[in-house]
Amino acid sequence: MFQLGCATRACVQNELLSGLTVALALVPEAVAFAFVAGVDPLVGLYAAFMVGLLASIFGGRPGMISGATGAMAVVMVALVAEHGVQYLFAAVILTGLLQIGAGILRLGKYIRMVPYPVMLGFVNGLAIVIFLAQLQHFQVPAEGGVKEWMSGQNLAIFAGLVFLTISIIHFLPKLTTAFPASLAAIITVTLIVILLDVNTNTVGDLASIKGGFPEFSIPSVPFNFETLAIIFPYSIILAAVGLIESLLTLSLIDDVTNTRGRSNRECVGQGIANTTTGFFGGMGGCAMIGQSMINVSSGGRQRLSGISAALFLLAFILFASSLIEIIPMAALVGVMFIVVLGTFEWSSLRIMGKIPRTDAFVLILVSGVTVATDLAVAVVVGVIVSALAFAWEHAKHINVKSYDDEKGSRIYELNGPLFFGSVKNFLELFNPENDPDDVIIEFQNSRVADHSAIEAIDNLAEKYIKAGKKLHLRHLSPECRELLKKAGDLVEVNVMEDPRYHVADDQLA
């Protein structure tokens, strides 16, 4: 079913070190997303472990990291608040089943329909979201339970440790690549804080991560249609958000590593992970672009890195919580700032004035919507706007060249696709009142694309019939002829055969 992908000791060592680096970065993220969803921190940590492990084993993209994510946590808030965490577990199980179904139905391939400007906007927007999420760590508790921005010495120490982390990650690879730079930075900064007794925020200030092994349990909810009616809408949204984020991250990692993942297998892998997680008290999750980029930049390319990251995280929960809780948050913030710099497509700023204005608008729009709402909404909005812009642009491309042949028939050579966006212009190209008795529309350079096109042809045919004239269609593609055949009596025209082109037989539709 899967291979770890390492044939040498050096590869295994590199994968394990990359996994350890990712596991350290997973801890605060999982805890933070658990708080967002309104559940116990261990619910987020168990999700990071279970989803990360199973998605790495069964998923379609070696080297990609999965776990609890903010995009899915935001969807869970209302469900947890209104019905409790047990309903969340049930929704996560159903989410996984829906994702497995999407993989079996091979729906993963439709990620190819996401235009490149949408991909750029997704990446840039996500980089901004990751950056903004780190700013909360520059705040400290104040009176009244609110938080205020650091100032003075506290700010200087925290910012200095962040800068030191970034510097180590940037410069260490220039000296050696034998050890992951992110892990080296985390260890170095932690030792400095401990040895110099520096007063700064640590992972333990977020919450305790100590816990036991996740236990199997069936969600304590009534098994009836009322429960299904409650969780189904949430599960649909969670499944869509999870798959969109996972498949877009898969495409990004494909580009970075110059390899190709398997989108439908990833759908199944994410589904298996979420279904299982729901039975073990986890909040579910999907691919994580930040942690995936940390893994790839640290040299993780195989399934072993994702598997080891999950197992290291479990070890932290079971045995090493006290050690992990002393890691300065500044070190992890520095790692995530490096992820932001590596994730943001800086080239998109340079090409903004060189690409079509519509593409530039979509890129900015998707980035903005990602920051303002969530990834799934941003991608859907971007795809819709891109599709409408494409339809509008191609609707203007339809035109005809008309002439009379030796038999006295009026020939209209149609150029451009006939679809919902171009039917109005299409109908304005003809003059039934003044045309001769026999009219032929030449489709050699055009095609009938949808039902709106069929209706337009039928409306045009009715106009010619009322004028006592006959309309023929010639050189239709096989797909167009099949569409007209299925339409049956909707279209009252003759489809002509031209022996020179070996197209359709004469038929009265």
# chains A, B, ... in the order shown; residues from 1 in each chain; ligands from 1
$ closest_atom_pairs --of "stretch 334-407 of chain A" --to "stretch 186-192 of chain A" --cutoff "12 Å" --atoms "only C-alpha atoms" --output "CSV"
residue,atom,partner,partner_atom,distance
A:Gly334,CA,A:Ile186,CA,8.9
A:Val335,CA,A:Ile186,CA,8.1
A:Met336,CA,A:Ile186,CA,11.5
$ residues_around --residues "stretch 370-375 of chain A" --least-positions-apart "5" --cutoff "7 Å" --atoms "only C-alpha atoms" --output "list in words"
Ala71, Phe122, Gly125, Leu126, Ile128, Val129 and Glu245 of chain A
$ residues_around --residues "A:Glu433" --least-positions-apart "5" --cutoff "10 Å" --atoms "only C-alpha atoms" --output "list in words"
Lys463, Tyr464, Lys466, Ala467, Gly468 and Lys469 of chain A
$ write_last_selection --atoms "N, CA and C atoms" --output "PDB file, in the first residue's frame"
ATOM      1  N   LYS A 463     -37.232  31.228 -36.703  1.00  0.00           N
ATOM      2  CA  LYS A 463     -37.337  32.483 -37.469  1.00  0.00           C
ATOM      3  C   LYS A 463     -37.295  32.205 -38.967  1.00  0.00           C
ATOM      4  N   TYR A 464     -36.401  31.282 -39.391  1.00  0.00           N
ATOM      5  CA  TYR A 464     -36.320  30.960 -40.815  1.00  0.00           C
ATOM      6  C   TYR A 464     -37.557  30.208 -41.281  1.00  0.00           C
ATOM      7  N   LYS A 466     -40.632  30.522 -40.049  1.00  0.00           N
ATOM      8  CA  LYS A 466     -41.711  31.501 -40.155  1.00  0.00           C
ATOM      9  C   LYS A 466     -41.565  32.350 -41.425  1.00  0.00           C
ATOM     10  N   ALA A 467     -40.307  32.515 -41.852  1.00  0.00           N
ATOM     11  CA  ALA A 467     -40.066  33.281 -43.082  1.00  0.00           C
ATOM     12  C   ALA A 467     -40.176  32.402 -44.324  1.00  0.00           C
ATOM     13  N   GLY A 468     -40.534  31.095 -44.140  1.00  0.00           N
ATOM     14  CA  GLY A 468     -40.681  30.176 -45.256  1.00  0.00           C
ATOM     15  C   GLY A 468     -39.365  29.721 -45.842  1.00  0.00           C
ATOM     16  N   LYS A 469     -38.347  29.657 -45.015  1.00  0.00           N
ATOM     17  CA  LYS A 469     -37.007  29.309 -45.500  1.00  0.00           C
ATOM     18  C   LYS A 469     -36.455  28.117 -44.731  1.00  0.00           C
TER      19      LYS A 469
END
$ atom_distance --atom1 "atom CA of A:Pro62" --atom2 "atom CA of A:Ala7"
14.8 Å
$ residues_around --residues "A:Leu304" --least-positions-apart "4" --cutoff "12 Å" --atoms "only C-alpha atoms" --output "PyMOL selection string"
chain A and resi 2-7+11-20+52-57+61-65+295+299-300+308-312
$ write_last_selection --atoms "C-alpha atoms" --output "PDB file, in the first residue's frame"
ATOM      1  CA  PHE A   2       2.833   2.411   0.740  1.00  0.00           C
ATOM      2  CA  GLN A   3       6.582   2.725   0.794  1.00  0.00           C
ATOM      3  CA  LEU A   4       8.675   4.801   3.162  1.00  0.00           C
ATOM      4  CA  GLY A   5      10.754   5.864   0.177  1.00  0.00           C
ATOM      5  CA  CYS A   6      14.250   5.746   1.726  1.00  0.00           C
ATOM      6  CA  ALA A   7      16.927   3.368   0.515  1.00  0.00           C
ATOM      7  CA  CYS A  11      17.948   9.515   3.666  1.00  0.00           C
ATOM      8  CA  VAL A  12      16.404   7.974   6.782  1.00  0.00           C
ATOM      9  CA  GLN A  13      18.375  10.333   9.010  1.00  0.00           C
ATOM     10  CA  ASN A  14      17.333  13.364   7.000  1.00  0.00           C
ATOM     11  CA  GLU A  15      13.676  12.318   6.983  1.00  0.00           C
ATOM     12  CA  LEU A  16      13.665  11.741  10.747  1.00  0.00           C
ATOM     13  CA  LEU A  17      15.267  15.121  11.467  1.00  0.00           C
ATOM     14  CA  SER A  18      12.799  16.847   9.133  1.00  0.00           C
ATOM     15  CA  GLY A  19       9.961  15.055  10.906  1.00  0.00           C
ATOM     16  CA  LEU A  20      11.255  16.214  14.292  1.00  0.00           C
ATOM     17  CA  GLY A  52      -0.662  13.444  10.153  1.00  0.00           C
ATOM     18  CA  LEU A  53       0.112   9.744  10.522  1.00  0.00           C
ATOM     19  CA  LEU A  54      -2.684   8.290   8.404  1.00  0.00           C
ATOM     20  CA  ALA A  55      -2.521  10.919   5.647  1.00  0.00           C
ATOM     21  CA  SER A  56       1.218  10.280   5.344  1.00  0.00           C
ATOM     22  CA  ILE A  57       0.631   6.536   5.047  1.00  0.00           C
ATOM     23  CA  ARG A  61       1.682  13.174  -1.763  1.00  0.00           C
ATOM     24  CA  PRO A  62       4.861  11.976  -0.005  1.00  0.00           C
ATOM     25  CA  GLY A  63       6.448  14.745   2.041  1.00  0.00           C
ATOM     26  CA  MET A  64       3.193  16.650   2.594  1.00  0.00           C
ATOM     27  CA  ILE A  65       2.215  17.263   6.228  1.00  0.00           C
ATOM     28  CA  ASN A 295       9.300  19.729   5.834  1.00  0.00           C
ATOM     29  CA  GLY A 299      14.805  18.008   3.089  1.00  0.00           C
ATOM     30  CA  GLY A 300      11.725  15.871   3.776  1.00  0.00           C
ATOM     31  CA  SER A 308       7.981  10.407  11.953  1.00  0.00           C
ATOM     32  CA  ALA A 309       6.524  13.889  12.570  1.00  0.00           C
ATOM     33  CA  ALA A 310       3.292  12.305  13.795  1.00  0.00           C
ATOM     34  CA  LEU A 311       5.112   9.775  15.970  1.00  0.00           C
ATOM     35  CA  PHE A 312       7.385  12.448  17.443  1.00  0.00           C
TER      36      PHE A 312
END
$ atom_distance --atom1 "atom CA of A:Leu88" --atom2 "atom CA of A:Met283"
7.0 Å
$ residues_around --residues "A:Glu215" --least-positions-apart "2" --cutoff "8 Å" --atoms "only C-alpha atoms" --output "ChimeraX atom specification"
/A:213,217,280-281
$ select_by_dssp --residues "stretch 21-237 of chain A" --states "alpha helix (DSSP H)" --output "VMD selection string"
chain A and resid 21 to 37 41 to 58 70 to 83 85 to 104 116 to 135 152 to 175 181 to 195 225 to 237
$ closest_residue --among "A:Thr21, A:Ser422, A:Ser446, A:Asn124" --to "A:Trp346" --atoms "only C-alpha atoms"
A:Asn124
$ atom_distance --atom1 "atom CA of A:Arg410" --atom2 "atom CA of A:Glu482"
25.3 Å
$ residues_around --residues "stretch 23-34 of chain A" --least-positions-apart "4" --cutoff "6 Å" --atoms "only C-alpha atoms" --output "list of chain:residue names"
A:Val39, A:Pro41, A:Gly44, A:Leu45, A:Ala68, A:Gly70, A:Ala309, A:Leu313
$ write_last_selection --atoms "N, CA and C atoms" --output "compact mmCIF listing (two decimals), in the first residue's frame"
# COMPACT_ATOMS: atom_id res chain seq x y z
N VAL A 39 -12.34 23.69 21.65
CA VAL A 39 -12.18 22.37 22.25
C VAL A 39 -10.89 22.32 23.06
N PRO A 41 -7.13 21.49 24.19
CA PRO A 41 -5.90 21.41 23.38
C PRO A 41 -5.53 20.00 22.95
N GLY A 44 -6.94 18.95 19.64
CA GLY A 44 -6.16 19.41 18.49
C GLY A 44 -4.89 18.61 18.31
N LEU A 45 -4.22 18.28 19.41
CA LEU A 45 -2.98 17.51 19.33
C LEU A 45 -3.24 16.09 18.82
N ALA A 68 -4.34 19.31 12.25
CA ALA A 68 -5.41 20.25 12.54
C ALA A 68 -5.10 21.60 11.90
N GLY A 70 -6.46 25.77 10.72
CA GLY A 70 -7.34 26.88 11.04
C GLY A 70 -8.54 26.96 10.13
N ALA A 309 7.04 12.67 11.93
CA ALA A 309 6.52 13.89 12.57
C ALA A 309 5.35 13.55 13.48
N LEU A 313 5.33 13.72 17.58
CA LEU A 313 4.30 14.49 18.28
C LEU A 313 3.63 13.64 19.36
$ select_by_dssp --residues "stretch 47-156 of chain A" --states "strand (DSSP E or B)" --output "PDB file with C-alpha atoms, in the first residue's frame"
ATOM      1  CA  SER A  66      -1.374  17.104   7.478  1.00  0.00           C
ATOM      2  CA  GLY A  67      -2.921  17.979  10.813  1.00  0.00           C
ATOM      3  CA  GLN A 139       0.850  40.059  22.877  1.00  0.00           C
ATOM      4  CA  VAL A 140       0.784  39.419  26.629  1.00  0.00           C
ATOM      5  CA  PRO A 141      -2.120  39.097  29.099  1.00  0.00           C
ATOM      6  CA  LYS A 147      -4.241  41.119  25.780  1.00  0.00           C
ATOM      7  CA  GLU A 148      -1.967  44.003  24.956  1.00  0.00           C
ATOM      8  CA  TRP A 149       1.045  44.374  22.682  1.00  0.00           C
TER       9      TRP A 149
END
$ closest_residue --among "A:Gly121, A:Gly84, A:Gly96, A:Gly278" --to "A:Met352" --atoms "only C-alpha atoms"
A:Gly121
$ closest_atom_pairs --of "stretch 105-196 of chain A" --to "stretch 384-403 of chain A" --cutoff "12 Å" --atoms "only C-alpha atoms" --output "tab-separated table"
residue	atom	partner	partner_atom	distance
A:Met113	CA	A:Ala387	CA	9.7
A:Val114	CA	A:Ser386	CA	9.0
A:Pro115	CA	A:Ser386	CA	7.4
A:Tyr116	CA	A:Ser386	CA	10.0
A:Pro117	CA	A:Ser386	CA	8.7
A:Val118	CA	A:Ser386	CA	8.3
A:Met119	CA	A:Ser386	CA	11.7
$ write_last_selection --atoms "C-alpha atoms" --output "mmCIF file, in the first residue's frame"
data_model
loop_
_atom_site.group_PDB
_atom_site.id
_atom_site.type_symbol
_atom_site.label_atom_id
_atom_site.label_comp_id
_atom_site.auth_asym_id
_atom_site.auth_seq_id
_atom_site.Cartn_x
_atom_site.Cartn_y
_atom_site.Cartn_z
ATOM 1 C CA MET A 113 -9.656 23.543 -13.098
ATOM 2 C CA VAL A 114 -8.190 26.004 -10.609
ATOM 3 C CA PRO A 115 -6.538 28.745 -12.725
ATOM 4 C CA TYR A 116 -2.962 29.756 -12.014
ATOM 5 C CA PRO A 117 -3.889 33.284 -10.799
ATOM 6 C CA VAL A 118 -6.151 31.603 -8.218
ATOM 7 C CA MET A 119 -3.233 29.401 -7.147
#
$ residues_around --residues "A:Ala376" --least-positions-apart "6" --cutoff "8 Å" --atoms "only C-alpha atoms" --output "list in words"
Ala240, Val241, Ile244 and Glu245 of chain A
$ write_last_selection --atoms "N, CA and C atoms" --output "short mmCIF file (atom, residue, chain, number, x, y, z; two decimals), in the first residue's frame"
data_model
loop_
_atom_site.label_atom_id
_atom_site.label_comp_id
_atom_site.auth_asym_id
_atom_site.auth_seq_id
_atom_site.Cartn_x
_atom_site.Cartn_y
_atom_site.Cartn_z
N ALA A 240 -15.20 19.76 1.93
CA ALA A 240 -14.80 20.62 0.82
C ALA A 240 -13.57 21.45 1.17
N VAL A 241 -13.61 22.08 2.36
CA VAL A 241 -12.47 22.90 2.79
C VAL A 241 -11.21 22.05 2.88
N ILE A 244 -10.00 20.97 -0.69
CA ILE A 244 -9.46 22.11 -1.46
C ILE A 244 -8.08 22.49 -0.95
N GLU A 245 -7.97 22.63 0.38
CA GLU A 245 -6.67 23.02 0.94
C GLU A 245 -5.62 21.94 0.70
#
$ closest_residue --among "A:Leu98, A:Ile465, A:Val333, A:Ile218" --to "A:Ile166" --atoms "only C-alpha atoms"
A:Val333
$ closest_atom_pairs --of "stretch 218-253 of chain A" --to "stretch 270-275 of chain A" --cutoff "9 Å" --atoms "only C-alpha atoms" --output "Markdown table"
| residue | atom | partner | partner_atom | distance |
| --- | --- | --- | --- | --- |
| A:Ala239 | CA | A:Gly271 | CA | 8.4 |
| A:Gly242 | CA | A:Gln270 | CA | 8.0 |
| A:Leu243 | CA | A:Gln270 | CA | 7.7 |
| A:Ser246 | CA | A:Gln270 | CA | 8.2 |
